Amino acid sequence: MAQIDLTPARKERLADTVYGAILSGITSGKFAPGDKLPSEAEFSLAFDVSRPVVREALLRLSTDGLIQSRRGIGTFVSTRPSTRLTELADAASLSGFLRAFEPRIVLETEAARLAAMRRSRADLGTIRQTIDDLSKAIEANELGQEQDIAFHNAIAHAAGNEYFPALLEDLRMPVTETMNIGLELARERSTARRRRIIEEHTRIFNAIAAEDADAAGSYMKYHLLQARSALLDASHLEPTNELGEDSE
């Protein structure tokens, strides 16, 4: 079994620290998909933290799809994120960034639904422009963070309730960080993966324009779930040919 060097965790954000250290072990390849992780007791001893802290970190890793517990056998690595993930953000902070997706999905899914029922012609023009701007940024191999944020803000405003953009603003820091990471990772992946970002935005826009509230909400939820998965799986949605190589 692969070994990982562990150092005692700080007495603050302990579960995030443990999460980050294990995640670093996975991204670095010290723990490969299929490898069995040390037990709770072993991690507890190595980090000098309580087993409940370790259990919380492992639960978060499991929720994020990075590990899987098998009753009576142990805990195993499920997938490996890009090796750049922990270069683009502090590993311990990633746990908090990823948790922000949960309220964001609830908030933005409903905002998209309401936008489909309440949007004005001006709202549609603004949303459409953000997609065009993001497409140009991606084609120019730019990050496109400002354009991506503008798209989600435009939909929040189109919902016709000032609390949606205000609540989204409360999540600005983790949202911005996850967008930065996701767009940076997408930039180094296949052209098809980068185009999917535009396609997902366009589906949301088309549903809002057609006043199809259910479709708008569903497409927004799908888009955010895909964004979350892309952070955690280096091969997420990458097209491959019969030889298993990237088709682009």
# chains A, B, ... in the order shown; residues from 1 in each chain; ligands from 1
$ residues_around --residues "A:Asn180" --least-positions-apart "6" --cutoff "12 Å" --atoms "only C-alpha atoms" --output "ChimeraX atom specification"
/A:85,88-89,97,142-149,172-174,186-187,227,231
$ write_last_selection --atoms "C-alpha atoms" --output "mmCIF file, in the first residue's frame"
data_model
loop_
_atom_site.group_PDB
_atom_site.id
_atom_site.type_symbol
_atom_site.label_atom_id
_atom_site.label_comp_id
_atom_site.auth_asym_id
_atom_site.auth_seq_id
_atom_site.Cartn_x
_atom_site.Cartn_y
_atom_site.Cartn_z
ATOM 1 C CA LEU A 85 -5.709 20.822 -8.500
ATOM 2 C CA LEU A 88 -4.183 25.979 -8.091
ATOM 3 C CA ALA A 89 -5.579 26.106 -4.548
ATOM 4 C CA PHE A 97 -14.821 25.634 -1.742
ATOM 5 C CA GLU A 142 -8.219 33.263 -21.789
ATOM 6 C CA LEU A 143 -9.562 32.186 -18.422
ATOM 7 C CA GLY A 144 -12.984 33.806 -18.870
ATOM 8 C CA GLN A 145 -13.681 34.183 -15.154
ATOM 9 C CA GLU A 146 -15.293 37.610 -15.385
ATOM 10 C CA GLN A 147 -17.554 36.491 -18.225
ATOM 11 C CA ASP A 148 -18.579 33.326 -16.374
ATOM 12 C CA ILE A 149 -19.417 35.278 -13.222
ATOM 13 C CA ARG A 172 -18.628 35.209 -4.070
ATOM 14 C CA MET A 173 -15.275 34.086 -2.650
ATOM 15 C CA PRO A 174 -15.756 30.298 -2.951
ATOM 16 C CA ALA A 186 -10.652 23.273 -18.641
ATOM 17 C CA ARG A 187 -8.110 25.388 -20.507
ATOM 18 C CA ALA A 227 -18.513 21.944 -12.906
ATOM 19 C CA LEU A 231 -12.765 19.746 -10.424
#
$ closest_atom_pairs --of "stretch 60-179 of chain A" --to "stretch 30-34 of chain A" --cutoff "9 Å" --atoms "only C-alpha atoms" --output "Markdown table"
| residue | atom | partner | partner_atom | distance |
| --- | --- | --- | --- | --- |
| A:Leu66 | CA | A:Pro33 | CA | 8.8 |
| A:Ile67 | CA | A:Pro33 | CA | 8.5 |
| A:Phe76 | CA | A:Gly34 | CA | 5.7 |
| A:Val77 | CA | A:Pro33 | CA | 4.7 |
| A:Ser78 | CA | A:Pro33 | CA | 5.2 |
| A:Thr79 | CA | A:Pro33 | CA | 5.3 |
| A:Arg80 | CA | A:Pro33 | CA | 6.3 |
$ atom_distance --atom1 "atom CA of A:Pro81" --atom2 "atom CA of A:Glu42"
23.9 Å
$ select_by_dssp --residues "stretch 107-166 of chain A" --states "alpha helix (DSSP H)" --output "JSON, numbers by chain"
{"A": [107, 108, 109, 110, 111, 112, 113, 114, 115, 116, 117, 118, 121, 122, 123, 124, 125, 126, 127, 128, 129, 130, 131, 132, 133, 134, 135, 136, 137, 138, 139, 145, 146, 147, 148, 149, 150, 151, 152, 153, 154, 155, 156, 157, 158, 163, 164, 165, 166]}
$ residues_around --residues "stretch 126-140 of chain A" --least-positions-apart "4" --cutoff "7 Å" --atoms "only C-alpha atoms" --output "list in words"
Ala122, Gly144, Gln147, Asp148, Ala150, Phe151, Ala154, Ile155, Ile198 and His201 of chain A
$ atom_distance --atom1 "atom CA of A:Gly217" --atom2 "atom CA of A:Arg104"
12.5 Å
$ closest_residue --among "A:Val18, A:Leu37, A:Leu232, A:Ala158" --to "A:Ser69" --atoms "only C-alpha atoms"
A:Leu37
